[in-house]
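Accompanying notes for the structure given below.
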Amino acid sequence: MAEKTPEIPRVVPRNLGGILVFLARYPWRVAACVGLLMAIIAIDLTLPQILGDAITQLRWHSEWGAEVDPMVYVQVFGALILVRTGVAWILGPSRNRLVQQTLADIRTSLYDALQRLAFRYHDNSNTGELVSRSTADVARLQNFFFACLFLSFDIFVSLIGTVFLIFQVSSLMGLITLGTMIPTIALIVFFAGKLQPKWRKVHDLHGAMITVIQENIAGVRVVKAFSKENEEVGKFERKREAFMRTMTETVNFWAARVPIAQFIFGWTLPLVLWMGGRQVISGEVRIGDLAKVVFYLMAIGHRVGMIGQFTNILQNASASAERILEIIDEPRTIRSGRLALPPGPGAVRFEQVGFSYGEDKVSLEDVSFDAEPGKRYAVVGPTGSGKTTLVNMIPRFYDVSKGRVLVDGLDVRDLSLGNLRRVVSVIFQETFLFSATVAENIAYGRPEADRAAIEECARAAQADEFIRELEQGYDTVIGERGVTLSGGQKQRIAIARAFLMDPRILILDDATSSVDSQTERLIQEAMWRLSVGRTTFIIAHRYSTVQHADQILVMRGGRIVEQGTNAELTARGGFYCELFGPQLEENAETRVRSQR
């Protein structure tokens, strides 16, 4: 007996390291951007030196008549400004392309993860929340990448270089600078340490707000049918108020550090002017060198402000990165096997299969049966008996907890997922159609199919007639989820889509549950035609749908409690008769009337 495949432990990074991996894919482009930025920083540190030396030379000229040519300083200063402008002109577009490419890679990885995660993950996830993470959270990372490629190096290198140059002028002024700068940065770090959880809460509330919007748009017909527009607006307003309140509290918390930081670092310049001025008077420091320190302090003040901006971006992005990486790093519990399914008739075998959605929710227990190739198997039972769960094991929408499922003698877990799902077609109870043409929806599984094949499958599915009556026939673009079509029309397009796939195994999940009797007859005719020569599983609640099946599997509490033909099960008078009692009586009365 095959054992349950162990899940890979879920490890979600709580920092931005997982996001920086995407940036590391382009090391040479990152190095080029950093190199250009270092050139700009070097020029920024050089300019105060030129100004300070010019001031000193001018003082010597005014006091002692020393020769000085201000134009030399003007030319050097102007030349550096031109070089800096040219470097920045190259850096800007280069950095922008790198950031946008990295964001594109993140979006691709996120979308890829959403496509490949198991049904179990999507069962427990909210669509609006996933949309929020895929859009708003990725967009928030843009500022982070710009910060990484600009602010971080600018702050770190500039502060070290600037403090070093101040110490070169005067150790006293250097100590004054450190004495105010370090407490200011420590204050910012203290506030930043408490910021990330606040931003996480903001983003979660934003996701909840998007969820309300998404659900309202998706269910707009239900809202209007029950005249619940005002209640839905009120629900949105409550979510919006919670989001805005938390956002305001977070922004105000961060803003509270500004006046305190300004007060601490604000003492730097007066103290330097006082102590540095005394050193100039005593002749220990030249007036131009004091000017250099003043210019550098103004630059430090700007960089300290950038530290606040950078840490805010960092914590905001950290919260978004955590939400994104929770999806990208989610363990893939359904992993493709390596074997290709060889040609075969479509035999299906369940061997002591068990499955549970959770510790307290057993859905299948010790299910064993053989489905012979080409026969039709109806699966019936009350709601929650495990009917849909059972057929979901065949295409591996879920993996068994114990036992195994075999298709043509091979364990489905050993098969390539793509190969397996190409030979198993599922027509769901709720048919999903894309915002595309009718032809594109039919050819979704085989986009290379020609128009003749598409139309042939539509005729087989009893869909060709109504399709040709549409405004542009097969080229008509149907609305989102196929809302411009009736339920029966959507089901017949889904059947045509299955015909085109030419599956080995067919699963019909209560495909006629929500249509009228005439449409049901058309759909049943199309389904029976589709099922010819294919191993077919039919989930149904209507006696008219299951009575002609070759075998009927009766489920109760996750187990198969009865199995046989309609005649055999009816003769036993067991649970099958309890399920279809009123329908069996109605069917018997109909036969009697027809015989009269």
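Labeling convention for the structure tokens: chains A, B, ... as they appear, residues from 1 per chain, ligands from 1 in order of appearance.
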Give the strand (DSSP E) residues of segment 239-441 of chain A, as DSSP finds them on the backbone, and put them as a ChimeraX atom specification. /A:348-358,361-371,376-380,402-407,410-411,424-427
Those same residues - N, CA, C and O atoms - I'd like them written as a short mmCIF file (atom, residue, chain, number, x, y, z; two decimals), in the first residue's frame.
```cif
data_model
loop_
_atom_site.label_atom_id
_atom_site.label_comp_id
_atom_site.auth_asym_id
_atom_site.auth_seq_id
_atom_site.Cartn_x
_atom_site.Cartn_y
_atom_site.Cartn_z
N VAL A 348 -9.71 2.15 -14.46
CA VAL A 348 -9.47 2.89 -13.21
C VAL A 348 -9.65 1.92 -12.05
O VAL A 348 -10.62 1.15 -12.02
N ARG A 349 -8.72 1.99 -11.11
CA ARG A 349 -8.79 1.10 -9.95
C ARG A 349 -8.53 1.90 -8.68
O ARG A 349 -7.56 2.66 -8.60
N PHE A 350 -9.41 1.76 -7.70
CA PHE A 350 -9.23 2.35 -6.37
C PHE A 350 -8.87 1.21 -5.42
O PHE A 350 -9.61 0.21 -5.34
N GLU A 351 -7.76 1.38 -4.70
CA GLU A 351 -7.33 0.36 -3.74
C GLU A 351 -7.29 0.93 -2.34
O GLU A 351 -6.40 1.69 -1.98
N GLN A 352 -8.31 0.61 -1.54
CA GLN A 352 -8.39 1.02 -0.12
C GLN A 352 -8.04 2.49 0.06
O GLN A 352 -7.24 2.87 0.90
N VAL A 353 -8.66 3.32 -0.74
CA VAL A 353 -8.36 4.76 -0.76
C VAL A 353 -9.00 5.46 0.43
O VAL A 353 -10.18 5.24 0.75
N GLY A 354 -8.20 6.28 1.08
CA GLY A 354 -8.68 7.15 2.15
C GLY A 354 -8.24 8.57 1.88
O GLY A 354 -7.18 8.81 1.30
N PHE A 355 -9.06 9.52 2.29
CA PHE A 355 -8.70 10.93 2.11
C PHE A 355 -9.39 11.76 3.17
O PHE A 355 -10.54 11.51 3.54
N SER A 356 -8.65 12.78 3.63
CA SER A 356 -9.19 13.68 4.65
C SER A 356 -8.77 15.10 4.33
O SER A 356 -7.60 15.36 4.02
N TYR A 357 -9.73 16.03 4.38
CA TYR A 357 -9.41 17.45 4.19
C TYR A 357 -8.74 18.04 5.43
O TYR A 357 -8.09 19.06 5.36
N GLY A 358 -8.92 17.41 6.55
CA GLY A 358 -8.34 17.85 7.81
C GLY A 358 -8.45 16.74 8.82
O GLY A 358 -9.04 15.67 8.57
N LYS A 361 -12.07 15.82 9.47
CA LYS A 361 -12.98 15.77 8.34
C LYS A 361 -12.56 14.68 7.37
O LYS A 361 -11.87 14.93 6.40
N VAL A 362 -12.96 13.45 7.65
CA VAL A 362 -12.65 12.32 6.77
C VAL A 362 -13.68 12.29 5.66
O VAL A 362 -14.88 12.21 5.90
N SER A 363 -13.22 12.35 4.41
CA SER A 363 -14.12 12.40 3.27
C SER A 363 -14.22 11.07 2.55
O SER A 363 -15.26 10.75 1.97
N LEU A 364 -13.13 10.29 2.53
CA LEU A 364 -13.15 8.96 1.94
C LEU A 364 -12.50 7.98 2.91
O LEU A 364 -11.50 8.32 3.55
N GLU A 365 -13.06 6.78 3.00
CA GLU A 365 -12.51 5.79 3.92
C GLU A 365 -12.62 4.39 3.31
O GLU A 365 -13.73 3.91 3.04
N ASP A 366 -11.46 3.81 3.05
CA ASP A 366 -11.38 2.42 2.58
C ASP A 366 -12.26 2.19 1.33
O ASP A 366 -13.08 1.28 1.29
N VAL A 367 -12.05 3.01 0.32
CA VAL A 367 -12.81 2.90 -0.92
C VAL A 367 -12.04 2.04 -1.90
O VAL A 367 -10.89 2.35 -2.26
N SER A 368 -12.65 0.97 -2.36
CA SER A 368 -12.02 0.07 -3.33
C SER A 368 -13.04 -0.32 -4.40
O SER A 368 -14.17 -0.69 -4.07
N PHE A 369 -12.68 -0.24 -5.65
CA PHE A 369 -13.52 -0.73 -6.74
C PHE A 369 -12.70 -0.68 -8.03
O PHE A 369 -11.67 -0.03 -8.13
N ASP A 370 -13.18 -1.40 -9.03
CA ASP A 370 -12.56 -1.41 -10.36
C ASP A 370 -13.56 -0.86 -11.36
O ASP A 370 -14.73 -1.31 -11.39
N ALA A 371 -13.11 0.10 -12.16
CA ALA A 371 -13.93 0.66 -13.23
C ALA A 371 -13.40 0.11 -14.55
O ALA A 371 -12.27 0.39 -14.94
N ARG A 376 -19.89 3.14 -18.13
CA ARG A 376 -20.36 4.35 -17.45
C ARG A 376 -20.66 3.99 -15.99
O ARG A 376 -21.42 3.07 -15.71
N TYR A 377 -20.10 4.81 -15.09
CA TYR A 377 -20.28 4.58 -13.65
C TYR A 377 -20.95 5.82 -13.05
O TYR A 377 -20.41 6.93 -13.11
N ALA A 378 -22.13 5.61 -12.50
CA ALA A 378 -22.81 6.70 -11.80
C ALA A 378 -22.39 6.67 -10.33
O ALA A 378 -22.31 5.59 -9.72
N VAL A 379 -22.11 7.84 -9.77
CA VAL A 379 -21.74 7.95 -8.36
C VAL A 379 -22.82 8.76 -7.68
O VAL A 379 -23.03 9.94 -8.00
N VAL A 380 -23.55 8.14 -6.76
CA VAL A 380 -24.68 8.81 -6.11
C VAL A 380 -24.51 8.76 -4.60
O VAL A 380 -23.75 7.96 -4.06
N LYS A 402 -4.29 7.70 1.97
CA LYS A 402 -3.79 6.32 2.03
C LYS A 402 -4.38 5.54 0.85
O LYS A 402 -5.33 6.00 0.20
N GLY A 403 -3.80 4.41 0.59
CA GLY A 403 -4.21 3.64 -0.57
C GLY A 403 -3.64 4.23 -1.84
O GLY A 403 -2.71 5.03 -1.82
N ARG A 404 -4.22 3.85 -2.98
CA ARG A 404 -3.75 4.40 -4.25
C ARG A 404 -4.84 4.31 -5.31
O ARG A 404 -5.75 3.49 -5.23
N VAL A 405 -4.68 5.18 -6.31
CA VAL A 405 -5.57 5.21 -7.47
C VAL A 405 -4.73 4.89 -8.70
O VAL A 405 -3.66 5.49 -8.90
N LEU A 406 -5.19 3.95 -9.52
CA LEU A 406 -4.43 3.55 -10.69
C LEU A 406 -5.25 3.81 -11.96
O LEU A 406 -6.46 3.61 -11.99
N VAL A 407 -4.57 4.26 -12.98
CA VAL A 407 -5.15 4.41 -14.32
C VAL A 407 -4.36 3.52 -15.25
O VAL A 407 -3.13 3.67 -15.38
N LEU A 410 -1.21 2.06 -13.61
CA LEU A 410 -0.16 2.92 -13.07
C LEU A 410 -0.72 3.84 -12.00
O LEU A 410 -1.81 4.43 -12.18
N ASP A 411 0.01 3.98 -10.91
CA ASP A 411 -0.37 4.89 -9.83
C ASP A 411 -0.35 6.31 -10.39
O ASP A 411 0.65 6.75 -10.98
N VAL A 424 -7.83 12.85 -18.97
CA VAL A 424 -9.00 12.89 -18.09
C VAL A 424 -9.69 14.23 -18.28
O VAL A 424 -9.11 15.28 -18.00
N SER A 425 -10.91 14.23 -18.75
CA SER A 425 -11.67 15.47 -18.92
C SER A 425 -12.75 15.56 -17.84
O SER A 425 -13.41 14.56 -17.54
N VAL A 426 -12.90 16.76 -17.29
CA VAL A 426 -13.88 16.99 -16.23
C VAL A 426 -14.85 18.07 -16.67
O VAL A 426 -14.43 19.15 -17.11
N ILE A 427 -16.13 17.77 -16.60
CA ILE A 427 -17.15 18.80 -16.83
C ILE A 427 -17.78 19.08 -15.47
O ILE A 427 -18.47 18.24 -14.89
#
```
Long-range neighbours of segment 543-556 of chain A as a ChimeraX atom specification, 9 Å cut-off, only C-alpha atoms, 5 positions minimum in chain: /A:371,375-382,384-387,512,524,538,561-567,569,575-576,580,583-584,587
Could you state the separation of atom CA of Glu372 of chain A and atom CA of Leu415 of chain A in Å, given to one decimal place?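 Atom CA of Leu415 of chain A lies at a distance of 19.9 Å from atom CA of Glu372 of chain A.
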Measuring between only C-alpha atoms, which one of A:Val202, A:Ile166, A:Ile40, A:Ile505 shows the shortest distance to Gln315 of chain A?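 So, comparing all the options, the nearest one is A:Val202.
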Residues within 10 Å of segment 145-159 of chain A, only C-alpha atoms, excluding chain neighbours under 5 positions, as number ranges by chain: A: 19-20, 23, 30-31, 33-34, 37-38, 40-42, 44-45, 91, 95-96, 98-100, 102-103, 140, 164-165, 181, 296-297, 299-307, 309-311, 313-314, 317
Which residues are near segment 496-499 of chain A? Cut-off 8 Å, only C-alpha atoms, ignore same chain within fewer than 2 positions. Put them as a ChimeraX atom specification. /A:425-427,441-445,454,457-461,463,492-494,501-503,530
Need the shell around Trp267 of chain A: protein/DNA/RNA residues with any atom at most 10 Å away, counting only C-alpha atoms. Skip same-chain ones fewer than 4 positions apart. Format as a PyMOL selection string? chain A and resi 176-177+179-181+262-263+271-272
Filtering to all heavy atoms, could you give me those residues as a PDB file, in the first residue's frame?
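The resulting file, part.pdb, is reproduced below:
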```
ATOM      1  N   ILE A 176      31.340  65.699  17.602  1.00  0.00           N
ATOM      2  CA  ILE A 176      30.043  66.363  17.739  1.00  0.00           C
ATOM      3  C   ILE A 176      29.037  65.761  16.755  1.00  0.00           C
ATOM      4  O   ILE A 176      27.885  65.488  17.100  1.00  0.00           O
ATOM      5  CB  ILE A 176      30.182  67.882  17.513  1.00  0.00           C
ATOM      6  CG1 ILE A 176      30.994  68.510  18.646  1.00  0.00           C
ATOM      7  CG2 ILE A 176      28.807  68.540  17.409  1.00  0.00           C
ATOM      8  CD1 ILE A 176      31.337  69.975  18.414  1.00  0.00           C
ATOM      9  N   THR A 177      29.506  65.534  15.527  1.00  0.00           N
ATOM     10  CA  THR A 177      28.625  64.964  14.497  1.00  0.00           C
ATOM     11  C   THR A 177      28.144  63.578  14.903  1.00  0.00           C
ATOM     12  O   THR A 177      26.947  63.269  14.829  1.00  0.00           O
ATOM     13  CB  THR A 177      29.366  64.891  13.157  1.00  0.00           C
ATOM     14  OG1 THR A 177      29.806  66.203  12.780  1.00  0.00           O
ATOM     15  CG2 THR A 177      28.464  64.323  12.070  1.00  0.00           C
ATOM     16  N   GLY A 179      28.023  62.385  17.900  1.00  0.00           N
ATOM     17  CA  GLY A 179      27.258  62.476  19.133  1.00  0.00           C
ATOM     18  C   GLY A 179      25.792  62.799  18.919  1.00  0.00           C
ATOM     19  O   GLY A 179      24.949  62.470  19.770  1.00  0.00           O
ATOM     20  N   THR A 180      25.465  63.433  17.804  1.00  0.00           N
ATOM     21  CA  THR A 180      24.055  63.713  17.501  1.00  0.00           C
ATOM     22  C   THR A 180      23.487  62.755  16.450  1.00  0.00           C
ATOM     23  O   THR A 180      22.303  62.424  16.482  1.00  0.00           O
ATOM     24  CB  THR A 180      23.902  65.157  16.997  1.00  0.00           C
ATOM     25  OG1 THR A 180      24.796  65.366  15.888  1.00  0.00           O
ATOM     26  CG2 THR A 180      24.226  66.149  18.102  1.00  0.00           C
ATOM     27  N   MET A 181      24.355  62.303  15.552  1.00  0.00           N
ATOM     28  CA  MET A 181      23.875  61.440  14.462  1.00  0.00           C
ATOM     29  C   MET A 181      23.499  60.050  14.972  1.00  0.00           C
ATOM     30  O   MET A 181      22.455  59.499  14.588  1.00  0.00           O
ATOM     31  CB  MET A 181      24.956  61.329  13.383  1.00  0.00           C
ATOM     32  CG  MET A 181      24.509  60.567  12.144  1.00  0.00           C
ATOM     33  SD  MET A 181      25.785  60.515  10.866  1.00  0.00           S
ATOM     34  CE  MET A 181      26.931  59.343  11.622  1.00  0.00           C
ATOM     35  N   GLN A 262      14.514  65.473  14.499  1.00  0.00           N
ATOM     36  CA  GLN A 262      14.949  66.818  14.101  1.00  0.00           C
ATOM     37  C   GLN A 262      15.518  67.585  15.295  1.00  0.00           C
ATOM     38  O   GLN A 262      16.491  68.342  15.148  1.00  0.00           O
ATOM     39  CB  GLN A 262      13.771  67.576  13.490  1.00  0.00           C
ATOM     40  CG  GLN A 262      13.363  67.062  12.109  1.00  0.00           C
ATOM     41  CD  GLN A 262      12.137  67.771  11.576  1.00  0.00           C
ATOM     42  OE1 GLN A 262      11.346  68.358  12.332  1.00  0.00           O
ATOM     43  NE2 GLN A 262      11.942  67.717  10.266  1.00  0.00           N
ATOM     44  N   PHE A 263      14.918  67.384  16.468  1.00  0.00           N
ATOM     45  CA  PHE A 263      15.413  68.080  17.654  1.00  0.00           C
ATOM     46  C   PHE A 263      16.825  67.620  18.014  1.00  0.00           C
ATOM     47  O   PHE A 263      17.712  68.433  18.292  1.00  0.00           O
ATOM     48  CB  PHE A 263      14.466  67.817  18.832  1.00  0.00           C
ATOM     49  CG  PHE A 263      14.951  68.374  20.130  1.00  0.00           C
ATOM     50  CD1 PHE A 263      14.827  69.732  20.426  1.00  0.00           C
ATOM     51  CD2 PHE A 263      15.559  67.538  21.073  1.00  0.00           C
ATOM     52  CE1 PHE A 263      15.288  70.242  21.637  1.00  0.00           C
ATOM     53  CE2 PHE A 263      16.018  68.044  22.277  1.00  0.00           C
ATOM     54  CZ  PHE A 263      15.885  69.407  22.555  1.00  0.00           C
ATOM     55  N   LEU A 271      26.317  73.549  17.433  1.00  0.00           N
ATOM     56  CA  LEU A 271      27.500  73.133  18.185  1.00  0.00           C
ATOM     57  C   LEU A 271      28.758  73.187  17.324  1.00  0.00           C
ATOM     58  O   LEU A 271      29.840  73.615  17.792  1.00  0.00           O
ATOM     59  CB  LEU A 271      27.295  71.711  18.724  1.00  0.00           C
ATOM     60  CG  LEU A 271      26.268  71.552  19.857  1.00  0.00           C
ATOM     61  CD1 LEU A 271      26.028  70.083  20.166  1.00  0.00           C
ATOM     62  CD2 LEU A 271      26.737  72.300  21.113  1.00  0.00           C
ATOM     63  N   VAL A 272      28.639  72.782  16.082  1.00  0.00           N
ATOM     64  CA  VAL A 272      29.798  72.821  15.180  1.00  0.00           C
ATOM     65  C   VAL A 272      30.212  74.270  14.902  1.00  0.00           C
ATOM     66  O   VAL A 272      31.405  74.598  14.880  1.00  0.00           O
ATOM     67  CB  VAL A 272      29.482  72.058  13.870  1.00  0.00           C
ATOM     68  CG1 VAL A 272      30.478  72.414  12.770  1.00  0.00           C
ATOM     69  CG2 VAL A 272      29.496  70.546  14.116  1.00  0.00           C
TER      70      VAL A 272
END
```
Given only C-alpha atoms as the counted atoms, nearest of A:Thr476, A:Ser132, A:Gln429, A:Gln489 to Ile324 of chain A: A:Ser132
Record the distance separating atom CA of Arg521 of chain A and atom CA of Leu508 of chain A, expressed in Å with one decimal.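 A separation of 15.0 Å between them.
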Please run DSSP on the backbone and report, as a VMD selection string, all residues within segment 429-584 of chain A that come out as helix (DSSP H, G or I). chain A and resid 438 to 442 451 to 460 464 to 468 473 to 475 480 to 482 487 to 501 517 to 531 543 to 546 566 to 572 575 to 579 581 to 584
Which residue is closest to Gly288 of chain A? Choose from A:Cys577, A:Lys201, A:Trp28, A:Gly276 and count only C-alpha atoms.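 Of A:Cys577, A:Lys201, A:Trp28, A:Gly276, the one nearest Gly288 of chain A, counting only C-alpha atoms, is A:Gly276.
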Record the distance separating atom CA of Glu229 of chain A and atom CA of Asn216 of chain A, expressed in Å with one decimal. 9.3 Å
